[in-house]
>>> print(open('model.csv').read())   # CSV, C-alpha atoms
chain,number,residue,atom,x,y,z
H,13,MET,CA,85.7,57.6,-19.5
H,14,ASN,CA,87.8,60.6,-18.5
H,15,ASP,CA,89.5,60.9,-15.2
H,16,VAL,CA,90.7,64.3,-14.2
H,17,SER,CA,91.6,66.0,-10.9
H,18,ASP,CA,93.0,69.3,-9.6
H,19,ASP,CA,93.6,71.2,-6.4
H,20,VAL,CA,91.0,73.6,-5.2
H,21,VAL,CA,91.3,76.1,-2.3
H,22,VAL,CA,88.6,77.2,0.1
H,23,ARG,CA,88.4,81.0,-0.2
H,24,ASN,CA,85.5,82.1,2.0
H,25,ALA,CA,85.9,83.1,5.6
H,26,LEU,CA,83.8,80.4,7.3
H,27,GLY,CA,85.1,77.5,5.2
H,28,ILE,CA,82.8,74.7,4.0
H,29,HIS,CA,79.7,75.0,6.2
H,30,ALA,CA,76.1,74.2,5.2
H,31,ARG,CA,75.4,76.8,2.6
H,32,PRO,CA,78.7,76.3,0.6
H,33,ALA,CA,78.2,72.5,0.9
H,34,ALA,CA,74.7,72.9,-0.6
H,35,ALA,CA,76.0,75.2,-3.3
H,36,LEU,CA,78.7,72.7,-4.3
H,37,ALA,CA,76.5,69.7,-4.1
H,38,LYS,CA,73.9,71.4,-6.2
H,39,ARG,CA,76.4,72.3,-8.9
H,40,ALA,CA,78.0,68.9,-8.8
H,41,SER,CA,74.7,67.1,-9.2
H,42,GLU,CA,74.2,68.8,-12.6
H,43,PHE,CA,76.9,66.4,-14.0
H,44,GLU,CA,76.7,62.8,-14.8
H,45,SER,CA,80.3,62.2,-13.7
H,46,GLU,CA,81.3,60.9,-10.2
H,47,ILE,CA,82.9,63.9,-8.4
H,48,TYR,CA,85.0,63.4,-5.2
H,49,ILE,CA,86.6,65.8,-2.9
H,50,THR,CA,89.6,64.6,-0.9
H,51,PHE,CA,91.0,66.4,2.2
H,52,MET,CA,93.3,65.1,4.8
H,53,GLY,CA,92.9,61.5,3.8
H,54,ASN,CA,89.1,61.6,3.6
H,55,ARG,CA,87.3,61.3,0.3
H,56,VAL,CA,83.7,62.3,0.0
H,57,ASN,CA,81.1,62.5,-2.8
H,58,ALA,CA,80.8,66.1,-3.9
H,59,LYS,CA,77.0,65.5,-4.6
H,60,SER,CA,76.5,64.9,-0.8
H,61,ILE,CA,76.0,67.8,1.5
H,62,MET,CA,76.6,65.7,4.6
H,63,GLY,CA,79.8,64.3,3.1
H,64,LEU,CA,81.1,67.8,2.3
H,65,LEU,CA,80.3,69.0,5.9
H,66,THR,CA,82.4,66.2,7.4
H,67,LEU,CA,85.5,67.5,5.7
H,68,GLY,CA,85.9,70.3,8.2
H,69,ALA,CA,87.7,72.4,5.5
H,70,ALA,CA,88.5,75.9,6.8
H,71,ARG,CA,89.6,79.0,4.8
H,72,GLY,CA,92.9,78.3,3.1
H,73,SER,CA,92.4,74.5,3.0
H,74,ARG,CA,93.8,72.9,-0.1
H,75,LEU,CA,91.5,70.1,-1.3
H,76,VAL,CA,91.7,67.8,-4.4
H,77,ALA,CA,88.7,67.6,-6.6
H,78,SER,CA,88.6,64.5,-8.9
H,79,CYS,CA,86.0,63.8,-11.6
H,80,LYS,CA,85.4,60.6,-13.5
H,81,GLY,CA,82.8,60.1,-16.2
H,82,PRO,CA,81.7,61.3,-19.6
H,83,ASP,CA,81.6,65.0,-18.6
H,84,ALA,CA,84.5,64.9,-16.2
H,85,ALA,CA,86.3,68.0,-17.7
H,86,GLU,CA,83.2,70.2,-17.5
H,87,ALA,CA,82.4,69.0,-14.0
H,88,LEU,CA,85.9,69.8,-12.8
H,89,ALA,CA,85.8,73.3,-14.3
H,90,ALA,CA,82.4,73.9,-12.6
H,91,VAL,CA,83.7,72.7,-9.2
H,92,LYS,CA,86.8,74.9,-9.5
H,93,GLU,CA,84.6,77.8,-10.4
H,94,VAL,CA,82.4,77.2,-7.3
H,95,PHE,CA,85.5,77.2,-5.1
H,96,GLU,CA,87.1,80.2,-6.8
H,97,SER,CA,83.9,82.3,-6.3
H,98,GLY,CA,84.1,81.5,-2.5
H,99,PHE,CA,80.7,79.8,-2.8
H,100,GLY,CA,79.3,83.3,-3.4
H,101,GLU,CA,80.4,84.3,0.1
H,102,ALA,CA,83.0,86.8,1.3
Z,74,MET,CA,77.3,49.1,-6.8
Z,75,ASP,CA,80.9,48.3,-6.9
Z,76,PHE,CA,82.1,47.5,-3.3
Z,77,SER,CA,85.6,46.5,-4.4
Z,78,SER,CA,86.7,50.0,-5.3
Z,79,LEU,CA,86.1,51.6,-1.9
Z,80,LEU,CA,89.0,53.6,-0.5
Z,81,VAL,CA,90.2,51.4,2.4
Z,82,LYS,CA,92.0,53.1,5.2
Z,83,ARG,CA,94.1,51.2,7.7
Z,84,LYS,CA,96.3,52.8,10.4
Z,85,LYS,CA,100.0,52.1,10.1
Z,86,SER,CA,100.7,53.1,13.7
Z,87,ILE,CA,99.1,54.6,16.7
Z,88,PRO,CA,100.9,56.7,19.4
Z,89,VAL,CA,101.1,55.2,23.0
Z,90,SER,CA,99.0,58.1,24.2
Z,91,ARG,CA,96.0,56.6,22.2
Z,92,LEU,CA,96.4,53.5,24.3
Z,93,LEU,CA,96.2,55.6,27.4
Z,94,GLU,CA,93.2,57.7,26.5
Z,95,HIS,CA,91.1,54.9,25.2
Z,96,VAL,CA,91.8,52.0,27.5
Z,97,THR,CA,92.2,54.1,30.6
Z,98,HIS,CA,88.5,53.8,31.6
Z,99,ASP,CA,88.4,50.1,31.8
Z,100,MET,CA,92.1,49.4,32.4
Z,101,ASP,CA,92.7,52.2,34.9
Z,102,PHE,CA,96.3,52.7,33.9
Z,103,GLU,CA,98.8,54.7,35.9
Z,104,MET,CA,102.0,55.9,34.4
Z,105,LEU,CA,105.2,55.0,36.3
Z,106,ALA,CA,107.9,56.3,33.9
Z,107,GLY,CA,108.7,57.6,30.5
Z,108,TYR,CA,106.2,60.5,30.4
Z,109,GLN,CA,108.1,62.1,27.5
Z,110,GLY,CA,107.6,59.0,25.3
Z,111,THR,CA,103.8,59.0,24.8
Z,112,ALA,CA,104.2,59.9,21.1
Z,113,ARG,CA,106.1,56.6,20.5
Z,114,PRO,CA,104.4,54.6,17.7
Z,115,VAL,CA,102.8,51.1,18.2
Z,116,TYR,CA,102.9,49.3,14.8
Z,117,THR,CA,101.1,46.1,15.5
Z,118,TRP,CA,98.1,44.7,17.4
Z,119,ASP,CA,100.1,41.9,18.9
Z,120,VAL,CA,101.9,41.9,22.3
Z,121,ASN,CA,105.1,40.4,23.5
Z,122,ARG,CA,106.3,39.1,26.9
Z,123,PRO,CA,110.0,39.9,26.9
Z,124,GLY,CA,111.1,37.0,29.2
Z,125,LEU,CA,113.7,35.7,26.7
Z,126,ALA,CA,115.0,39.2,25.9
Z,127,LEU,CA,115.5,39.8,29.7
Z,128,SER,CA,117.5,36.6,29.9
Z,129,GLY,CA,119.8,38.1,27.2
Z,130,TYR,CA,118.5,36.3,24.1
Z,131,LEU,CA,117.7,39.1,21.7
Z,132,ASP,CA,117.5,37.2,18.3
Z,133,TYR,CA,113.9,37.5,17.1
Z,134,PHE,CA,113.1,40.0,19.9
Z,135,ALA,CA,109.6,41.3,18.9
Z,136,ASN,CA,110.6,44.8,20.1
Z,137,ASP,CA,108.0,46.7,18.1
Z,138,ARG,CA,105.1,45.3,20.1
Z,139,VAL,CA,103.6,46.4,23.4
Z,140,GLN,CA,105.8,44.7,26.0
Z,141,ILE,CA,103.8,43.0,28.8
Z,142,LEU,CA,105.6,42.5,32.2
Z,143,GLY,CA,103.8,40.0,34.5
Z,144,ASN,CA,104.9,38.1,37.6
Z,145,THR,CA,107.4,36.1,35.7
Z,146,GLU,CA,109.3,39.0,34.2
Z,147,ILE,CA,109.3,41.1,37.3
Z,148,HIS,CA,110.5,38.3,39.6
Z,149,PHE,CA,113.2,37.4,37.1
Z,150,MET,CA,114.4,41.1,37.1
Z,151,GLU,CA,114.4,41.0,40.9
Z,152,ARG,CA,116.9,38.1,40.9
Z,153,MET,CA,119.4,40.1,38.9
Z,154,THR,CA,121.9,42.5,40.5
Z,155,PRO,CA,121.3,46.1,39.5
Z,156,ALA,CA,124.5,46.0,37.4
Z,157,VAL,CA,123.5,42.9,35.5
Z,158,LEU,CA,119.9,44.2,35.1
Z,159,SER,CA,121.0,47.5,33.7
Z,160,SER,CA,123.3,45.9,31.1
Z,161,VAL,CA,120.5,43.5,30.1
Z,162,VAL,CA,118.0,46.3,29.8
Z,163,ALA,CA,120.5,48.5,27.9
Z,164,ASN,CA,120.9,45.7,25.4
Z,165,MET,CA,117.1,45.5,25.0
Z,166,PHE,CA,116.9,49.3,24.6
Z,167,SER,CA,119.2,49.1,21.5
Z,168,PHE,CA,115.9,48.1,19.9
Z,169,GLU,CA,113.0,50.5,19.5
Z,170,ILE,CA,110.4,49.6,22.1
Z,171,PRO,CA,107.0,51.4,22.2
Z,172,VAL,CA,105.8,50.8,25.7
Z,173,PHE,CA,105.9,48.5,28.8
Z,174,VAL,CA,102.7,47.4,30.5
Z,175,LEU,CA,102.7,46.0,34.0
Z,176,SER,CA,99.9,43.8,35.4
Z,177,ARG,CA,98.8,43.1,39.0
Z,178,ASN,CA,100.1,46.4,40.3
Z,179,LEU,CA,103.6,44.9,40.2
Z,180,VAL,CA,106.5,47.0,41.4
Z,181,PRO,CA,109.5,47.0,39.0
Z,182,PRO,CA,113.1,47.4,40.2
Z,183,PRO,CA,114.1,51.1,40.5
Z,184,VAL,CA,117.0,50.6,38.0
Z,185,PHE,CA,114.5,49.5,35.3
Z,186,LEU,CA,112.2,52.6,35.9
Z,187,ASN,CA,115.2,54.9,35.9
Z,188,MET,CA,116.4,53.6,32.5
Z,189,CYS,CA,112.8,53.8,31.1
Z,190,ASN,CA,112.7,57.5,32.2
Z,191,ARG,CA,116.1,58.2,30.7
Z,192,ASN,CA,115.1,56.6,27.4
Z,193,GLY,CA,111.6,58.0,27.3
Z,194,ILE,CA,109.9,54.6,27.2
Z,195,PRO,CA,106.5,54.8,28.9
Z,196,VAL,CA,105.7,52.3,31.6
Z,197,LEU,CA,102.0,51.8,32.4
Z,198,ARG,CA,100.6,49.8,35.2
Z,199,THR,CA,97.2,48.3,36.0
Z,200,ALA,CA,95.7,46.1,38.7
Z,201,MET,CA,94.4,43.5,36.3
Z,202,SER,CA,95.8,40.1,35.8
Z,203,THR,CA,98.3,39.5,33.0
Z,204,ASP,CA,95.9,37.5,30.8
Z,205,GLU,CA,93.2,40.1,31.2
Z,206,VAL,CA,95.6,42.9,30.3
Z,207,ILE,CA,96.8,40.9,27.2
Z,208,SER,CA,93.3,40.1,25.9
Z,209,ARG,CA,92.1,43.7,26.4
Z,210,ILE,CA,95.1,45.3,24.8
Z,211,ILE,CA,94.9,42.9,21.8
Z,212,LEU,CA,91.2,43.6,21.4
Z,213,PHE,CA,91.7,47.4,21.6
Z,214,LEU,CA,94.7,47.4,19.2
Z,215,SER,CA,93.1,45.0,16.7
Z,216,GLU,CA,90.1,47.4,16.5
Z,217,GLU,CA,92.5,50.4,16.1
Z,218,PHE,CA,94.3,48.6,13.2
Z,219,ALA,CA,91.1,47.3,11.6
Z,220,PRO,CA,90.5,48.3,8.0
Z,221,GLU,CA,87.8,51.0,7.5
Z,222,THR,CA,86.1,52.8,4.7
Z,223,VAL,CA,83.4,55.4,4.1
Z,224,LEU,CA,80.5,54.6,1.9
Z,225,HIS,CA,77.7,56.7,0.4
Z,226,GLY,CA,74.5,55.2,1.7
Z,227,THR,CA,72.3,54.8,4.8
Z,228,ALA,CA,72.5,52.5,7.7
Z,229,VAL,CA,69.4,51.6,9.8
Z,230,ASP,CA,68.9,49.0,12.5
Z,231,VAL,CA,65.6,47.3,11.5
Z,232,TYR,CA,64.3,44.8,14.0
Z,233,GLY,CA,67.9,44.2,15.1
Z,234,VAL,CA,69.2,43.6,11.6
Z,235,GLY,CA,71.7,46.2,10.5
Z,236,CYS,CA,70.6,47.2,7.0
Z,237,LEU,CA,73.0,49.1,4.7
Z,238,ILE,CA,70.9,50.9,2.0
Z,239,VAL,CA,72.8,51.9,-1.1
Z,240,GLY,CA,71.9,53.2,-4.5
Z,241,LYS,CA,72.4,56.2,-6.8
Z,242,PRO,CA,71.9,59.7,-5.4
Z,243,GLY,CA,68.2,60.7,-5.5
Z,244,ILE,CA,66.9,57.1,-5.5
Z,245,GLY,CA,65.4,57.5,-2.1
Z,246,LYS,CA,67.8,56.1,0.5
Z,247,SER,CA,67.3,58.9,3.0
Z,248,GLU,CA,63.5,59.0,2.4
Z,249,SER,CA,63.3,55.2,3.0
Z,250,ALA,CA,65.4,55.5,6.2
Z,251,LEU,CA,63.2,58.4,7.4
Z,252,GLU,CA,60.1,56.2,7.0
Z,253,LEU,CA,61.8,53.3,8.8
Z,254,VAL,CA,62.7,55.7,11.6
Z,255,GLU,CA,59.1,56.9,11.6
Z,256,ARG,CA,58.0,53.2,12.0
Z,257,GLY,CA,60.2,52.8,15.1
Z,258,HIS,CA,63.5,51.6,13.7
Z,259,ARG,CA,66.9,53.2,14.4
Z,260,LEU,CA,69.0,55.4,12.3
Z,261,VAL,CA,72.8,54.6,12.5
Z,262,ALA,CA,74.1,56.9,9.7
Z,263,ASP,CA,72.7,58.7,6.7
Z,264,ASP,CA,74.5,59.6,3.5
Z,265,LEU,CA,77.9,59.0,4.9
Z,266,VAL,CA,78.4,55.6,6.5
Z,267,GLU,CA,81.7,54.8,8.2
Z,268,LEU,CA,82.4,51.1,8.0
Z,269,LYS,CA,84.8,49.1,10.0
Z,270,ARG,CA,85.7,45.5,10.1
Z,271,ARG,CA,86.0,44.0,13.5
Z,272,ARG,CA,87.4,40.5,14.0
Z,273,GLU,CA,87.5,38.7,10.7
Z,274,ASP,CA,83.8,38.6,9.8
Z,275,TYR,CA,82.0,41.5,11.5
Z,276,LEU,CA,81.2,44.6,9.5
Z,277,TYR,CA,80.2,47.6,11.7
Z,278,ALA,CA,78.6,50.8,10.5
Z,279,GLN,CA,79.0,53.9,12.6
Z,280,THR,CA,77.9,57.5,12.7
Z,281,ASN,CA,80.2,60.2,11.5
Z,282,LYS,CA,81.1,62.3,14.6
Z,283,VAL,CA,80.7,65.7,12.7
Z,284,VAL,CA,77.3,65.3,11.2
Z,285,ARG,CA,76.0,62.7,13.7
Z,286,HIS,CA,72.4,61.8,13.1
Z,287,HIS,CA,71.5,64.7,10.8
Z,288,MET,CA,69.8,63.9,7.5
Z,289,GLU,CA,69.4,65.8,4.3
Z,290,ILE,CA,65.9,65.4,2.9
Z,291,ARG,CA,65.4,67.0,-0.5
Z,292,GLY,CA,62.7,69.7,-0.1
Z,293,LEU,CA,63.2,69.9,3.7
Z,294,GLY,CA,66.8,70.4,4.1
Z,295,ILE,CA,68.9,69.3,7.1
Z,296,ILE,CA,67.0,67.7,10.0
Z,297,ASP,CA,68.3,66.3,13.3
Z,298,VAL,CA,66.8,62.9,13.6
Z,299,ARG,CA,67.6,62.6,17.3
Z,300,SER,CA,65.9,65.8,18.2
Z,301,VAL,CA,62.9,65.2,16.0
Z,302,PHE,CA,62.3,61.5,16.9
Z,303,GLY,CA,64.0,61.2,20.2
Z,304,VAL,CA,67.1,59.4,21.4
Z,305,GLY,CA,65.4,56.0,20.9
Z,306,SER,CA,65.4,56.5,17.2
Z,307,VAL,CA,69.2,56.5,16.8
Z,308,ARG,CA,72.2,54.5,17.6
Z,309,ASN,CA,75.9,55.1,17.1
Z,310,PHE,CA,77.0,51.8,15.7
Z,311,LYS,CA,75.6,48.6,14.5
Z,312,ARG,CA,76.8,45.4,12.9
Z,313,MET,CA,75.6,45.2,9.3
Z,314,GLY,CA,73.6,42.0,8.4
Z,315,LEU,CA,72.0,43.0,5.1
Z,316,VAL,CA,72.9,45.1,2.1
Z,317,VAL,CA,69.9,46.5,0.2
Z,318,GLU,CA,70.6,48.2,-3.1
Z,319,LEU,CA,67.8,50.4,-4.4
Z,320,GLU,CA,67.6,50.9,-8.2
Z,321,GLU,CA,65.3,52.3,-10.8
Z,322,TRP,CA,62.7,49.9,-12.0
Z,323,ASP,CA,63.9,48.3,-15.2
Z,324,ASP,CA,61.4,46.1,-17.0
Z,325,LYS,CA,64.1,44.1,-18.7
Z,326,ALA,CA,66.2,43.5,-15.6
Z,327,ASN,CA,66.1,40.1,-13.9
Z,328,TYR,CA,64.9,40.6,-10.4
Z,329,ASP,CA,64.9,37.8,-7.9
Z,330,ARG,CA,61.4,36.4,-7.9
Z,331,THR,CA,61.8,33.5,-5.6
Z,332,GLY,CA,64.5,34.4,-3.0
Z,333,LEU,CA,66.2,31.0,-3.6
Z,334,SER,CA,69.5,32.3,-4.9
Z,335,GLY,CA,70.8,34.0,-1.8
Z,336,ASN,CA,73.2,36.7,-3.2
Z,337,HIS,CA,76.1,38.2,-1.2
Z,338,VAL,CA,78.4,41.1,-1.5
Z,339,GLU,CA,81.8,41.5,0.0
Z,340,ILE,CA,82.7,44.7,1.9
Z,341,LEU,CA,86.1,45.0,3.5
Z,342,GLY,CA,86.4,41.2,3.0
Z,343,VAL,CA,83.2,40.5,5.0
Z,344,ARG,CA,80.4,38.5,3.1
Z,345,ILE,CA,77.0,40.0,3.6
Z,346,PRO,CA,73.6,39.0,2.2
Z,347,TYR,CA,72.6,41.3,-0.6
Z,348,LEU,CA,69.2,42.3,-2.2
Z,349,ARG,CA,68.5,44.4,-5.2
Z,350,ILE,CA,65.2,46.2,-4.8
Z,351,PRO,CA,63.6,48.0,-7.8
Z,352,VAL,CA,62.0,51.3,-6.9
Z,353,ARG,CA,58.8,52.6,-8.6
Z,354,PRO,CA,56.4,55.3,-7.5
Z,355,GLY,CA,53.8,53.7,-5.2
Z,356,ARG,CA,56.1,50.9,-4.0
Z,357,ASN,CA,56.6,51.3,-0.3
Z,358,ILE,CA,60.4,50.7,0.0
Z,359,ALA,CA,60.4,51.0,3.8
Z,360,ILE,CA,58.0,48.2,4.2
Z,361,ILE,CA,59.9,46.0,1.8
Z,362,ILE,CA,63.1,46.6,3.7
Z,363,GLU,CA,61.3,45.9,7.0
Z,364,VAL,CA,60.1,42.5,5.6
Z,365,ALA,CA,63.6,41.8,4.1
Z,366,ALA,CA,65.1,42.4,7.6
Z,367,LEU,CA,62.5,40.0,9.2
Z,368,ASP,CA,63.1,37.4,6.5
Z,369,GLN,CA,66.9,37.8,7.1
Z,370,ARG,CA,66.3,37.1,10.8
Z,371,LEU,CA,64.3,34.0,9.9
Z,372,LYS,CA,67.2,32.8,7.6
Z,373,GLU,CA,69.7,33.3,10.4
Z,374,MET,CA,67.4,31.0,12.5
Z,375,GLY,CA,67.6,28.5,9.7
Z,376,ILE,CA,64.2,29.2,8.2
Z,377,SER,CA,64.0,30.1,4.6
Z,378,SER,CA,60.4,30.9,3.4
Z,379,ALA,CA,61.3,30.3,-0.2
Z,380,ARG,CA,63.1,27.1,0.4
Z,381,GLN,CA,60.4,25.7,2.6
Z,382,LEU,CA,57.6,26.4,0.2
Z,383,ASP,CA,59.7,24.9,-2.6
Z,384,GLN,CA,60.3,21.8,-0.6
Z,385,GLU,CA,56.6,21.4,0.2
Z,386,ILE,CA,55.6,21.8,-3.4
Z,387,SER,CA,58.3,19.4,-4.6
Z,388,LEU,CA,57.1,16.8,-2.1
Z,389,ARG,CA,53.5,17.2,-3.2
Z,390,ASN,CA,54.5,16.9,-6.8
Z,391,GLN,CA,56.3,13.6,-6.1
Z,392,TYR,CA,53.3,12.3,-4.2
Z,393,MET,CA,50.9,13.3,-7.1
Z,394,GLU,CA,53.1,11.5,-9.6
Z,395,GLN,CA,52.4,8.1,-8.2
>>> encode(input="model.csv", output="C-alpha cells")
Amino acid sequence: MNDVSDDVVVRNALGIHARPAAALAKRASEFESEIYITFMGNRVNAKSIMGLLTLGAARGSRLVASCKGPDAAEALAAVKEVFESGFGEA
Amino acid sequence: MDFSSLLVKRKKSIPVSRLLEHVTHDMDFEMLAGYQGTARPVYTWDVNRPGLALSGYLDYFANDRVQILGNTEIHFMERMTPAVLSSVVANMFSFEIPVFVLSRNLVPPPVFLNMCNRNGIPVLRTAMSTDEVISRIILFLSEEFAPETVLHGTAVDVYGVGCLIVGKPGIGKSESALELVERGHRLVADDLVELKRRREDYLYAQTNKVVRHHMEIRGLGIIDVRSVFGVGSVRNFKRMGLVVELEEWDDKANYDRTGLSGNHVEILGVRIPYLRIPVRPGRNIAIIIEVAALDQRLKEMGISSARQLDQEISLRNQYMEQ
C-alpha cells in the first residue's frame, strides 16, 4: 500500500463549483486508491462531488491531495493534472 | 468499514463572541463592559464561581473558565471598599480570564466594571437565575467542544430511527435513501454526513450547510430533495440509532441469518447497533432498511423478534422431549 500526497492549487476563475467537482470526482473514480482532498482542516473524498463542493475552494486556494492504495502514485498524478488544467476552464 | 480511522475534530477554544451570538436568543445577554475583549478564548466547557478568588485566595483559581457572578459574589463585592475591591480584582486580573457572566440582572460595583473595561474583559448580563445560566452555558459549551467528524455515507430518519447508511462508492447509498424519501422518510444528509457526539452517548448526524439537502444521483445529477419532495422530506439533524453497511453480495461471506448476535460499531466513542446488508440486483434495500429500523424500535422497547422465536422453539423442544 502506497501513501502519497502533494499540494494542488485551484487555477480556474470560479474555483471548485459543480462542474470542476464532477470532473475531479470522475477522474478520481477511475482509480482503486482512496483519494482525499484536504482544505482548511476539512478532508473530503475526491470521488464525491458533494464532498468537493463543501470545500469552498476559490481560485488560488492551496489544497492537499492524498492518495492511498495500490495505484496511489498514478492517482495523485491524475489529480494534479486535473487541477493544473484548471478543470478545463479558464 | 473502519470507523476508528475517522478524522476527529475537536475545538481547542472558542471566542467569547461565539457565546454571545449563539446563546443570545435564549439567554438574552446584554454586554456591560469589555467590548474590545470579545475575541478572548474560552478553553473549557466548565464554569467557575470566583467567590474564593474575590476573597483573595488565588491558589487553584480556575481562571480559564467562564466566570459566573451571582448574588453571593456581587453582594460580597459590595461589602468591600472601592480601594480593597480594586486591589482584589487587580490580583485576579493577573490571571487570564475569558469572560464574566452576571445572573438575575445584578448590578456590579462601578469599580469592577471600570477595571473590566480597562482590561478588555467582557461582562455579560442576563435576567436568568444563576443555576439556569450555569446549566445553559455548560450545555452550550459542551456541545461546542464535542468531538466531531465527517463520514462518507447517507443519514435518513426512518420511522424515527436515525439510520446511517455506509458502503463503498456506487453501492447504492444515495439510491436507497432516495427510495426511503419517496416512501415518506426524511433525509438528513447525503454523501457527506457531519457527525457530532453530544453528551457521552448520543451521536448526531447533521446536514452540511453548503450542500444542504442536495443529492447526487448517478445518471440524474444533482437534485434538491427539499424542493422535489417538500420540506417534510428533510430534517437538519437527527440522533443516529442504527448503522447499516451496504456491501456487494458475497456467496462465501457469513451474513447474519438469525439476528441473534446483535453487532455494534463505535463511532466517536458511541456504541451503535450495526447491520451488514448484502446488495444484489432485485433486492429492495430501502424496504430492508425500513424493516431494520422498525425491528430496531422493537428492540429498544425490549422486544427481539429473533430471541422470542428462539425461546418459543426452545420451550417447545423441551416439552416434546418428555
>>> atom_distance(input="model.csv", atom1="atom CA of Arg39 of chain H", atom2="atom CA of Gly81 of chain H")
15.6 Å
>>> atom_distance(input="model.csv", atom1="atom CA of Leu131 of chain Z", atom2="atom CA of Leu175 of chain Z")
20.6 Å
>>> residues_around(input="model.csv", residues="Asn57 of chain H", least_positions_apart="4", cutoff="8 Å", atoms="all atoms listed in the file", output="list in words")
Glu46, Ile47, Tyr48, Ile49, Gly63 and Leu64 of chain H; His225 of chain Z
>>> interface_residues(input="model.csv", of="chain H", to="chain Z", cutoff="9 Å", atoms="all atoms listed in the file", output="JSON, numbers by chain")
{"H": [30, 41, 53, 54, 55, 56, 57, 59, 60, 61, 62, 63, 65, 66, 67, 68]}
>>> residues_around(input="model.csv", residues="Arg74 of chain H", least_positions_apart="5", cutoff="12 Å", atoms="all atoms listed in the file", output="short mmCIF file (atom, residue, chain, number, x, y, z; two decimals) with C-alpha atoms, in the coordinates of the input")
data_model
loop_
_atom_site.label_atom_id
_atom_site.label_comp_id
_atom_site.auth_asym_id
_atom_site.auth_seq_id
_atom_site.Cartn_x
_atom_site.Cartn_y
_atom_site.Cartn_z
CA ASP H 18 93.00 69.30 -9.60
CA ASP H 19 93.60 71.20 -6.40
CA VAL H 20 91.00 73.60 -5.20
CA VAL H 21 91.30 76.10 -2.30
CA VAL H 22 88.60 77.20 0.10
CA ARG H 23 88.40 81.00 -0.20
CA GLY H 27 85.10 77.50 5.20
CA ILE H 28 82.80 74.70 4.00
CA ILE H 49 86.60 65.80 -2.90
CA THR H 50 89.60 64.60 -0.90
CA PHE H 51 91.00 66.40 2.20
CA MET H 52 93.30 65.10 4.80
CA LEU H 67 85.50 67.50 5.70
CA GLY H 68 85.90 70.30 8.20
CA ALA H 69 87.70 72.40 5.50
CA LYS H 92 86.80 74.90 -9.50
CA PHE H 95 85.50 77.20 -5.10
CA GLU H 96 87.10 80.20 -6.80
#
>>> residues_near_point(input="model.csv", point="(88.6, 42.4, 16.6)", cutoff="8 Å", atoms="only C-alpha atoms", output="PyMOL selection string")
chain Z and resi 212-213+215-216+219+270-273
>>> residues_around(input="model.csv", residues="Gly124 of chain Z", least_positions_apart="5", cutoff="10 Å", atoms="only C-alpha atoms", output="ChimeraX atom specification")
/Z:129-130,134,140-143,145-147,149-150
>>> write_last_selection(input="model.csv", atoms="C-alpha atoms", output="short mmCIF file (atom, residue, chain, number, x, y, z; two decimals), in the coordinates of the input")
data_model
loop_
_atom_site.label_atom_id
_atom_site.label_comp_id
_atom_site.auth_asym_id
_atom_site.auth_seq_id
_atom_site.Cartn_x
_atom_site.Cartn_y
_atom_site.Cartn_z
CA GLY Z 129 119.80 38.10 27.20
CA TYR Z 130 118.50 36.30 24.10
CA PHE Z 134 113.10 40.00 19.90
CA GLN Z 140 105.80 44.70 26.00
CA ILE Z 141 103.80 43.00 28.80
CA LEU Z 142 105.60 42.50 32.20
CA GLY Z 143 103.80 40.00 34.50
CA THR Z 145 107.40 36.10 35.70
CA GLU Z 146 109.30 39.00 34.20
CA ILE Z 147 109.30 41.10 37.30
CA PHE Z 149 113.20 37.40 37.10
CA MET Z 150 114.40 41.10 37.10
#
>>> residues_near_point(input="model.csv", point="(109.6, 48.1, 18.2)", cutoff="10 Å", atoms="all atoms listed in the file", output="MDAnalysis selection string")
chainID Z and resid 113:117 134:140 166 168:172
>>> atom_distance(input="model.csv", atom1="atom CA of Arg91 of chain Z", atom2="atom CA of Ala228 of chain Z")
27.9 Å
>>> closest_residue(input="model.csv", among="Z:Leu293, Z:Val304, Z:Leu158, Z:Cys189", to="Val261 of chain Z", atoms="all atoms listed in the file")
Z:Val304
>>> residues_around(input="model.csv", residues="Leu276 of chain Z", least_positions_apart="3", cutoff="7 Å", atoms="only C-alpha atoms", output="VMD selection string")
chain Z and resid 268 to 271 312 to 313 343
>>> closest_residue(input="model.csv", among="H:Asn24, H:Ala58, H:Phe43, H:His29", to="Pro82 of chain H", atoms="only C-alpha atoms")
H:Phe43
>>> residues_around(input="model.csv", residues="Val338 of chain Z", least_positions_apart="3", cutoff="9 Å", atoms="all atoms listed in the file", output="NGL selection string")
:Z and (76 or 316 or 343-347)
>>> closest_residue(input="model.csv", among="Z:Cys236, Z:Ile360, Z:Leu214, Z:Val229", to="Ala250 of chain Z", atoms="all atoms listed in the file")
Z:Val229
>>> closest_residue(input="model.csv", among="Z:Arg259, Z:Arg83, Z:His337, Z:Arg356", to="Asn309 of chain Z", atoms="all atoms listed in the file")
Z:Arg259
